Number of protein chains: 2
Amino acid sequence: MPAPKTTGDVPPLEWLFHPRSIAVVGVPSGDPRGGNFLRALRALGYDEEHALYPVNPKLTEVAGLPCYASLLDVPGPIDHVISQVPAAAVPGIVGHCIERGVRTLQLFTAGFSETGDPERAAIERDAVRRAVEANIRVIGPNCMGLYVPEERIAFTGNPPTESGSVFLLSQSGVNTADLIFRLGALGLRFSKAVSYGNGADLAAHDFLDYAATDPQTAVVGAYIEGVPDGPAFAAALRRCARTKPTVILKGGLSAAGARAVSSHTGSLAGSVEVFEALCRQSGALRVESMAELRDMLVALTSSTRQVHGHRVAMLSSGGGVGVLATDAFARVGLDVPELPEATREQLSEFIPIAGTSARNPIDAESFGGRGRGAGESERRRGILRAVAGSGVVDAIVVSPGIVQGAHGSRVPWHNDAPPARPPEEEREEALALASELAAAQGEAGLPLLYVERDRVWGDLGADLELARALYTGGIASYDSIERAAFVIERLLAWRARRKGLPQLF
Amino acid sequence: MPAPKTTGDVPPLEWLFHPRSIAVVGVPSGDPRGGNFLRALRALGYDEEHALYPVNPKLTEVAGLPCYASLLDVPGPIDHVISQVPAAAVPGIVGHCIERGVRTLQLFTAGFSETGDPERAAIERDAVRRAVEANIRVIGPNCMGLYVPEERIAFTGNPPTESGSVFLLSQSGVNTADLIFRLGALGLRFSKAVSYGNGADLAAHDFLDYAATDPQTAVVGAYIEGVPDGPAFAAALRRCARTKPTVILKGGLSAAGARAVSSHTGSLAGSVEVFEALCRQSGALRVESMAELRDMLVALTSSTRQVHGHRVAMLSSGGGVGVLATDAFARVGLDVPELPEATREQLSEFIPIAGTSARNPIDAESFGGRGRGAGESERRRGILRAVAGSGVVDAIVVSPGIVQGAHGSRVPWHNDAPPARPPEEEREEALALASELAAAQGEAGLPLLYVERDRVWGDLGADLELARALYTGGIASYDSIERAAFVIERLLAWRARRKGLPQLF
């Protein structure tokens, strides 16, 4: 999306996400690269396309850019200001922003209402009120601010440079970075992300409203601690969740957690019942941990979202793995149905003594390794085709059940460990398996889910390569059967609850 | 424990775990290393201390050892036989075992009752009956058999060579290997492990009875699919769980899972209610997944087992992390109590604006990195000392909340990732942090639990090194707050239920 060309009727959040100039006030003098924000913006090349102004009265130059004594000395117009100054200096900065006609202000500065100190809370309130009265919208205080890959804006080093379709809003900077980096590693990409801390001005409902109509955004993920304006939040959530899958993690739903919320972002947390009811009514999808939030965002941007029924085929190597997986699916109400005689006969071509180990769960040696030669690949393909053709399953879960270490991992898991296999070899195998499974999924016409069993002590490099290649091919991978089962169950329940709302997929 | 010297009154399981000679019947002729079992036994050096006899009529030598045409040709006495022959050849092998006065027989051979074929089930029954009538005890069929580090016995390559205190019994070979390798990677060590498959002769109650009195064994972990003799199992479980922490994972507790159990090991699974009641009455600890089983074994062999109350101090970096952790603890009934004013004042020395971020959860920058200089180490130490001295907590959970990738991980998490830091540097930091935390735990007199938040895409090498160093220092690490919370809650509930039974710690 191009930067807005006019000023009069442009909504403030368009300006927020598409500033044509940024001033960073209070760049630290001790860091030759100009501190976190300047470093991150330059690393993404914001200054190659737009104007970037470091501000610090003690410096005349920083990281090769001219540095200005104050906002008043900056030579061009300023759309967006990032404040790194101490809390006491913020009122003065707000005055300068008003004088310069700044449109949006991010207060990274902390030490306001979240401290519980009434004086500090009053300074926050006054500063934000003065800004808003002058038509300056504020994110924060106590926040990391923006990640907009399209505009080359970031708040920390080395996030993905490409844009995607997932919009993130989060009151926690660490949680925002967690999502960007962990999901980014998997190949997921973002339209925009905003860490908005205390939410003294712009808050969840503003960002949900923006995401609801942002053409770049297809899926929304949120980490919320407090809801200052309940009705506004409910209305915005309804509008957003109506047309875009909206996943919400709410912090502070326990009594002790609510106290922690007030210490973190000075917010007031509500009760779990009220929040759950709100999500149900609006068609949003509530989760309870960062892992669940990540898993749901992966599910909603992969073939997993196409799961439309409770019947799962489980393909693994190792009978015990299949038994425990079946129990795990059953615990959340999913079914691992017995395959019909005809399918089992087809499978007997690929699985020795197919009588029982092909009933489902399916114990197939072929799924114990990665791309071991053309024969294995053909077997895997044949097994997947037969299972998909059975007509009795809605999804296929593949879990290799590899025992790491036993197969020669790169991780020196104990001191007598044997020399590892070359990483390149493992990587090639991983990529081959991923493209094979993507092809099989296309052929099968059923969503495939991949589970690297409890990916804990294994060979992460190749695992990550495999997970990324799978994701690029439309296949989500999860860290355990339990998490795959959770995702399927939650998606089905969510879809069932959305009766009367538009069907999203 | 030395191998038994006499034959008359030695219990059969002493012979099973301490054979002075092993014959491997049916070593594959296609593998110059003699297949899985021969390779594993030689890798551990069984043949350097005991007699090892490969048997295959097509070979005269394999892997540098003389190979015999049949058991009848083996020159010395044979204590233990491992059968790798096809199912049809097993009755003949049993005859040879009887003729040779073999004491124990492991049938790796599969294709018996687990196929659901009545004829194959009859062959299993007859063969095992003949063996038992001749005083030969059988493990299997359809099993991987033994891992006894003290005797240099293993069924797969490169397990830990040192002995430890955890005894494993499992009907699944893959699950046995999973536990040995994943827990082994962490530094946990085993007294013995046995994978016993269909359990046609020796079954869970036999192994529980052995473990109960084995002086090498302090903690017992079990993966069980079927219980052929309910009263015998209940009695053995009671005896074992009375004096040794006994963790049980039961597969097939769902209807579909029970069907899978019958396909896997031909066992009959029971109902979840009956099994749960059995565990409650006997003082055993029931878990529902391999991850829970691993976590509990780690907890029971580390300082985590010393947690005696519900009050947790949560130390992390990042307010959102603390908020979500507090909610997660609350969900399982644990408390994150507010620290007293005096403690918060002590903490103000180490945490800027300590008013609220030191209330608990504690948001302390120091816990965001690893051993960054002496100053940080002093701060961490001071924070831990103050928290432990507060008198209001029973355990301290430390979670660094590192966002991997952002701090320069070795994993190439996306294509633009910056060059990684040298592994040696990260490793040194990890080791320094581990010894620092172990010292702090000693000083604090409270159990410390470490959580590497959702260790998924991170730098596994250093993570593993850190986790192992921590475990060696008595500190358990868990993969998520949820898993740490689960372990604490489950241990407390288990201890409360054991009233009337000996207190184990």
# chains A, B, ... in the order shown; residues from 1 in each chain; ligands from 1
$ select_by_dssp --residues "stretch 69-269 of chain B" --states "alpha helix (DSSP H)" --output "number ranges by chain"
B: 90-100, 118-133, 173-186, 204-213, 230-243, 255-265
$ closest_atom_pairs --of "chain B" --to "chain A" --cutoff "6 Å" --atoms "only C-alpha atoms" --output "tab-separated table"
residue	atom	partner	partner_atom	distance
B:Thr115	CA	A:Thr356	CA	5.4
B:Gly157	CA	A:Ala406	CA	5.9
B:Ser172	CA	A:Gly320	CA	5.2
B:Val174	CA	A:Gly318	CA	5.8
B:Asp178	CA	A:Val403	CA	5.6
B:Ala185	CA	A:Trp413	CA	4.5
B:Gly251	CA	A:Leu324	CA	5.6
B:Ser254	CA	A:Asp327	CA	5.3
B:Gly257	CA	A:Thr326	CA	5.0
B:Ala260	CA	A:Val323	CA	5.3
B:Val261	CA	A:Val323	CA	6.0
B:Ser263	CA	A:Thr356	CA	5.1
B:His264	CA	A:Gly319	CA	5.2
B:Gly318	CA	A:Val174	CA	5.8
B:Gly319	CA	A:His264	CA	5.2
B:Gly320	CA	A:Ser172	CA	5.2
B:Val323	CA	A:Gly257	CA	5.3
B:Leu324	CA	A:Gly251	CA	5.6
B:Thr326	CA	A:Gly257	CA	5.1
B:Asp327	CA	A:Gly257	CA	5.1
B:Thr356	CA	A:Ser263	CA	5.1
B:Ser357	CA	A:Ser263	CA	5.9
B:Val403	CA	A:Asp178	CA	5.6
B:Trp413	CA	A:Ala185	CA	4.5
B:His414	CA	A:Ala185	CA	5.6
$ write_last_selection --atoms "N, CA and C atoms" --output "mmCIF file, in the first residue's frame"
data_model
loop_
_atom_site.group_PDB
_atom_site.id
_atom_site.type_symbol
_atom_site.label_atom_id
_atom_site.label_comp_id
_atom_site.auth_asym_id
_atom_site.auth_seq_id
_atom_site.Cartn_x
_atom_site.Cartn_y
_atom_site.Cartn_z
ATOM 1 N N THR B 115 -1.156 -59.547 15.533
ATOM 2 C CA THR B 115 -1.726 -59.451 14.182
ATOM 3 C C THR B 115 -3.231 -59.676 14.194
ATOM 4 N N GLY B 157 21.911 -48.353 19.088
ATOM 5 C CA GLY B 157 23.221 -47.739 19.165
ATOM 6 C C GLY B 157 23.318 -46.551 20.111
ATOM 7 N N SER B 172 6.441 -50.764 24.534
ATOM 8 C CA SER B 172 6.816 -50.240 23.225
ATOM 9 C C SER B 172 8.309 -50.003 23.157
ATOM 10 N N VAL B 174 9.892 -48.257 20.731
ATOM 11 C CA VAL B 174 10.156 -46.868 20.367
ATOM 12 C C VAL B 174 10.045 -45.970 21.595
ATOM 13 N N ASP B 178 12.892 -43.703 23.161
ATOM 14 C CA ASP B 178 12.576 -42.290 23.356
ATOM 15 C C ASP B 178 13.031 -41.828 24.739
ATOM 16 N N ALA B 185 19.998 -37.580 27.100
ATOM 17 C CA ALA B 185 20.589 -36.337 26.612
ATOM 18 C C ALA B 185 20.648 -35.283 27.705
ATOM 19 N N GLY B 251 -1.282 -46.779 27.897
ATOM 20 C CA GLY B 251 -1.807 -46.576 26.545
ATOM 21 C C GLY B 251 -3.094 -47.361 26.354
ATOM 22 N N SER B 254 -8.582 -44.920 25.812
ATOM 23 C CA SER B 254 -9.770 -44.573 25.028
ATOM 24 C C SER B 254 -10.205 -45.814 24.253
ATOM 25 N N GLY B 257 -8.084 -46.115 21.282
ATOM 26 C CA GLY B 257 -6.740 -46.445 21.747
ATOM 27 C C GLY B 257 -6.642 -47.905 22.155
ATOM 28 N N ALA B 260 -6.174 -49.875 19.161
ATOM 29 C CA ALA B 260 -4.793 -49.733 18.710
ATOM 30 C C ALA B 260 -3.851 -50.588 19.549
ATOM 31 N N VAL B 261 -4.132 -50.682 20.839
ATOM 32 C CA VAL B 261 -3.324 -51.509 21.731
ATOM 33 C C VAL B 261 -3.372 -52.965 21.294
ATOM 34 N N SER B 263 -3.854 -54.059 18.373
ATOM 35 C CA SER B 263 -3.066 -54.217 17.149
ATOM 36 C C SER B 263 -1.576 -54.127 17.412
ATOM 37 N N HIS B 264 -1.192 -53.415 18.460
ATOM 38 C CA HIS B 264 0.226 -53.195 18.699
ATOM 39 C C HIS B 264 0.857 -54.354 19.447
ATOM 40 N N GLY B 318 10.487 -9.655 30.775
ATOM 41 C CA GLY B 318 9.341 -9.400 29.900
ATOM 42 C C GLY B 318 8.067 -9.523 30.708
ATOM 43 N N GLY B 319 7.332 -8.425 30.832
ATOM 44 C CA GLY B 319 6.135 -8.421 31.665
ATOM 45 C C GLY B 319 5.067 -9.377 31.174
ATOM 46 N N GLY B 320 4.913 -9.476 29.854
ATOM 47 C CA GLY B 320 3.885 -10.363 29.299
ATOM 48 C C GLY B 320 4.154 -11.818 29.644
ATOM 49 N N VAL B 323 2.965 -12.302 33.209
ATOM 50 C CA VAL B 323 1.496 -12.318 33.279
ATOM 51 C C VAL B 323 0.961 -13.689 32.860
ATOM 52 N N LEU B 324 1.406 -14.170 31.721
ATOM 53 C CA LEU B 324 0.906 -15.458 31.211
ATOM 54 C C LEU B 324 1.342 -16.612 32.109
ATOM 55 N N THR B 326 1.790 -16.443 35.325
ATOM 56 C CA THR B 326 0.935 -16.366 36.518
ATOM 57 C C THR B 326 -0.431 -16.995 36.233
ATOM 58 N N ASP B 327 -1.002 -16.677 35.072
ATOM 59 C CA ASP B 327 -2.269 -17.309 34.685
ATOM 60 C C ASP B 327 -2.117 -18.833 34.587
ATOM 61 N N THR B 356 6.470 -2.169 41.282
ATOM 62 C CA THR B 356 5.468 -3.137 40.866
ATOM 63 C C THR B 356 6.064 -4.344 40.174
ATOM 64 N N SER B 357 7.161 -4.124 39.417
ATOM 65 C CA SER B 357 7.693 -5.262 38.677
ATOM 66 C C SER B 357 8.395 -6.235 39.615
ATOM 67 N N VAL B 403 14.029 -14.180 23.411
ATOM 68 C CA VAL B 403 13.450 -14.357 22.084
ATOM 69 C C VAL B 403 14.571 -14.791 21.158
ATOM 70 N N TRP B 413 17.235 -19.104 10.858
ATOM 71 C CA TRP B 413 15.782 -19.125 10.969
ATOM 72 C C TRP B 413 15.091 -18.458 9.806
ATOM 73 N N HIS B 414 15.752 -17.587 9.103
ATOM 74 C CA HIS B 414 15.231 -17.180 7.788
ATOM 75 C C HIS B 414 16.413 -16.793 6.936
#
$ residues_around --residues "B:Phe275" --least-positions-apart "6" --cutoff "10 Å" --atoms "only C-alpha atoms" --output "list of chain:residue names"
B:Ala234, B:Ile248, B:Lys250, B:Leu253, B:Ala269, B:Gln281, B:Arg286
$ residues_around --residues "A:Ala211" --least-positions-apart "2" --cutoff "9 Å" --atoms "only C-alpha atoms" --output "PyMOL selection string"
chain A and resi 167-168+192+206-209+213-220+240+244
$ write_last_selection --atoms "C-alpha atoms" --output "mmCIF file, in the first residue's frame"
data_model
loop_
_atom_site.group_PDB
_atom_site.id
_atom_site.type_symbol
_atom_site.label_atom_id
_atom_site.label_comp_id
_atom_site.auth_asym_id
_atom_site.auth_seq_id
_atom_site.Cartn_x
_atom_site.Cartn_y
_atom_site.Cartn_z
ATOM 1 C CA PHE A 167 -1.735 -8.838 11.632
ATOM 2 C CA LEU A 168 -0.485 -8.802 15.236
ATOM 3 C CA LYS A 192 1.821 -5.380 10.314
ATOM 4 C CA ASP A 206 -8.466 0.770 17.269
ATOM 5 C CA PHE A 207 -6.140 -1.907 15.945
ATOM 6 C CA LEU A 208 -8.917 -4.469 15.482
ATOM 7 C CA ASP A 209 -10.858 -1.888 13.464
ATOM 8 C CA THR A 213 -10.540 -3.458 6.771
ATOM 9 C CA ASP A 214 -6.823 -3.677 5.972
ATOM 10 C CA PRO A 215 -6.676 -5.385 2.548
ATOM 11 C CA GLN A 216 -3.222 -6.795 3.330
ATOM 12 C CA THR A 217 -4.510 -8.624 6.426
ATOM 13 C CA ALA A 218 -6.212 -12.032 6.271
ATOM 14 C CA VAL A 219 -5.706 -13.332 9.819
ATOM 15 C CA VAL A 220 -5.439 -11.467 13.138
ATOM 16 C CA CYS A 240 -13.049 -7.958 12.853
ATOM 17 C CA LYS A 244 -11.254 -12.482 9.428
#
$ atom_distance --atom1 "atom CA of A:Leu71" --atom2 "atom CA of A:Ala40"
20.3 Å
$ select_by_dssp --residues "stretch 225-323 of chain A" --states "strand (DSSP E or B)" --output "list in words"
Thr246, Val247, Ile248, Leu249, Lys250, Leu285, Arg286, Val287, Arg311, Val312, Ala313, Met314, Leu315 and Ser316 of chain A
$ write_last_selection --atoms "all heavy atoms" --output "CSV table (one decimal), in the first residue's frame"
chain,number,residue,atom,x,y,z
A,246,THR,N,-9.8,-14.4,13.9
A,246,THR,CA,-9.2,-13.5,14.9
A,246,THR,C,-8.9,-14.3,16.2
A,246,THR,O,-9.9,-14.8,16.8
A,246,THR,CB,-10.1,-12.3,15.2
A,246,THR,OG1,-10.5,-11.7,14.0
A,246,THR,CG2,-9.5,-11.3,16.2
A,247,VAL,N,-7.7,-14.5,16.5
A,247,VAL,CA,-7.2,-15.3,17.6
A,247,VAL,C,-6.8,-14.4,18.8
A,247,VAL,O,-6.0,-13.5,18.6
A,247,VAL,CB,-6.1,-16.3,17.2
A,247,VAL,CG1,-5.9,-17.3,18.3
A,247,VAL,CG2,-6.3,-16.9,15.9
A,248,ILE,N,-7.4,-14.6,19.9
A,248,ILE,CA,-7.1,-13.7,21.0
A,248,ILE,C,-6.5,-14.5,22.3
A,248,ILE,O,-7.1,-15.4,22.7
A,248,ILE,CB,-8.3,-13.0,21.5
A,248,ILE,CG1,-8.9,-12.2,20.3
A,248,ILE,CG2,-8.0,-12.0,22.6
A,248,ILE,CD1,-9.6,-10.9,20.6
A,249,LEU,N,-5.4,-14.0,22.7
A,249,LEU,CA,-4.8,-14.5,24.0
A,249,LEU,C,-5.0,-13.3,25.0
A,249,LEU,O,-4.5,-12.3,24.8
A,249,LEU,CB,-3.3,-14.8,23.8
A,249,LEU,CG,-2.5,-15.2,25.1
A,249,LEU,CD1,-3.1,-16.4,25.8
A,249,LEU,CD2,-1.1,-15.4,24.7
A,250,LYS,N,-5.7,-13.6,26.1
A,250,LYS,CA,-5.9,-12.6,27.1
A,250,LYS,C,-5.1,-12.9,28.3
A,250,LYS,O,-5.2,-14.0,28.9
A,250,LYS,CB,-7.4,-12.6,27.4
A,250,LYS,CG,-7.8,-11.7,28.6
A,250,LYS,CD,-7.8,-10.2,28.2
A,250,LYS,CE,-8.4,-9.4,29.3
A,250,LYS,NZ,-7.6,-9.4,30.5
A,285,LEU,N,-11.6,-16.5,18.4
A,285,LEU,CA,-11.1,-17.7,18.8
A,285,LEU,C,-10.1,-17.5,20.0
A,285,LEU,O,-9.1,-16.9,19.8
A,285,LEU,CB,-10.3,-18.3,17.6
A,285,LEU,CG,-10.3,-19.8,17.4
A,285,LEU,CD1,-9.9,-20.2,16.0
A,285,LEU,CD2,-9.3,-20.5,18.4
A,286,ARG,N,-10.5,-17.9,21.2
A,286,ARG,CA,-9.7,-17.6,22.3
A,286,ARG,C,-8.7,-18.7,22.6
A,286,ARG,O,-9.1,-19.9,22.5
A,286,ARG,CB,-10.6,-17.4,23.6
A,286,ARG,CG,-9.8,-16.9,24.8
A,286,ARG,CD,-10.7,-16.5,25.9
A,286,ARG,NE,-11.2,-17.6,26.7
A,286,ARG,CZ,-10.5,-18.1,27.7
A,286,ARG,NH1,-9.3,-17.7,28.1
A,286,ARG,NH2,-11.0,-19.1,28.4
A,287,VAL,N,-7.5,-18.4,22.9
A,287,VAL,CA,-6.4,-19.3,23.3
A,287,VAL,C,-5.9,-19.0,24.7
A,287,VAL,O,-6.1,-17.9,25.2
A,287,VAL,CB,-5.3,-19.4,22.3
A,287,VAL,CG1,-5.8,-20.0,20.9
A,287,VAL,CG2,-4.7,-18.1,22.1
A,311,ARG,N,-12.7,-36.9,12.1
A,311,ARG,CA,-12.1,-38.2,11.9
A,311,ARG,C,-10.7,-38.1,11.4
A,311,ARG,O,-10.4,-37.5,10.3
A,311,ARG,CB,-12.9,-39.0,10.9
A,311,ARG,CG,-14.4,-39.2,11.4
A,311,ARG,CD,-15.3,-39.7,10.2
A,311,ARG,NE,-15.2,-38.8,9.1
A,311,ARG,CZ,-15.7,-39.0,7.9
A,311,ARG,NH1,-16.3,-40.2,7.6
A,311,ARG,NH2,-15.5,-38.2,6.9
A,312,VAL,N,-9.7,-38.7,12.1
A,312,VAL,CA,-8.3,-38.5,11.9
A,312,VAL,C,-7.7,-39.8,11.5
A,312,VAL,O,-7.9,-40.8,12.1
A,312,VAL,CB,-7.6,-37.9,13.1
A,312,VAL,CG1,-6.1,-37.8,12.9
A,312,VAL,CG2,-8.2,-36.5,13.5
A,313,ALA,N,-6.8,-39.8,10.5
A,313,ALA,CA,-6.0,-41.0,10.2
A,313,ALA,C,-4.6,-40.6,10.8
A,313,ALA,O,-4.1,-39.6,10.6
A,313,ALA,CB,-5.8,-41.2,8.7
A,314,MET,N,-4.1,-41.6,11.5
A,314,MET,CA,-2.8,-41.4,12.2
A,314,MET,C,-1.7,-42.3,11.6
A,314,MET,O,-1.8,-43.5,11.7
A,314,MET,CB,-3.0,-41.7,13.7
A,314,MET,CG,-1.7,-41.6,14.5
A,314,MET,SD,-1.1,-39.9,14.7
A,314,MET,CE,0.6,-40.1,14.8
A,315,LEU,N,-0.7,-41.7,11.0
A,315,LEU,CA,0.4,-42.5,10.4
A,315,LEU,C,1.6,-42.2,11.1
A,315,LEU,O,2.1,-41.1,11.2
A,315,LEU,CB,0.6,-42.0,8.9
A,315,LEU,CG,-0.4,-42.5,7.9
A,315,LEU,CD1,-0.3,-41.6,6.6
A,315,LEU,CD2,0.0,-43.9,7.5
A,316,SER,N,2.2,-43.3,11.7
A,316,SER,CA,3.5,-43.1,12.4
A,316,SER,C,4.3,-44.4,12.2
A,316,SER,O,3.9,-45.4,11.6
A,316,SER,CB,3.2,-42.8,13.8
A,316,SER,OG,2.7,-44.0,14.5
$ residues_around --residues "A:Thr304" --least-positions-apart "4" --cutoff "7 Å" --atoms "only C-alpha atoms" --output "ChimeraX atom specification"
/A:299-300,447,449,476
$ atom_distance --atom1 "atom CA of B:Val397" --atom2 "atom CA of B:Tyr450"
5.9 Å
$ closest_residue --among "A:Val74, A:Ala134, A:Leu492, A:Ile123" --to "A:Arg103" --atoms "only C-alpha atoms"
A:Ala134
$ closest_residue --among "A:Ala469, A:Leu446, A:Val298, A:Leu38" --to "A:Val487" --atoms "only C-alpha atoms"
A:Val298
$ residues_around --residues "B:Lys58" --least-positions-apart "4" --cutoff "10 Å" --atoms "only C-alpha atoms" --output "MDAnalysis selection string"
chainID B and resid 26:29 67:69
$ residues_around --residues "B:Pro54" --least-positions-apart "3" --cutoff "12 Å" --atoms "only C-alpha atoms" --output "PyMOL selection string"
chain B and resi 21-29+33-39+41-42+47+51+57-71+73-75+78+81-84
$ atom_distance --atom1 "atom CA of B:Ala496" --atom2 "atom CA of B:Cys279"
13.5 Å
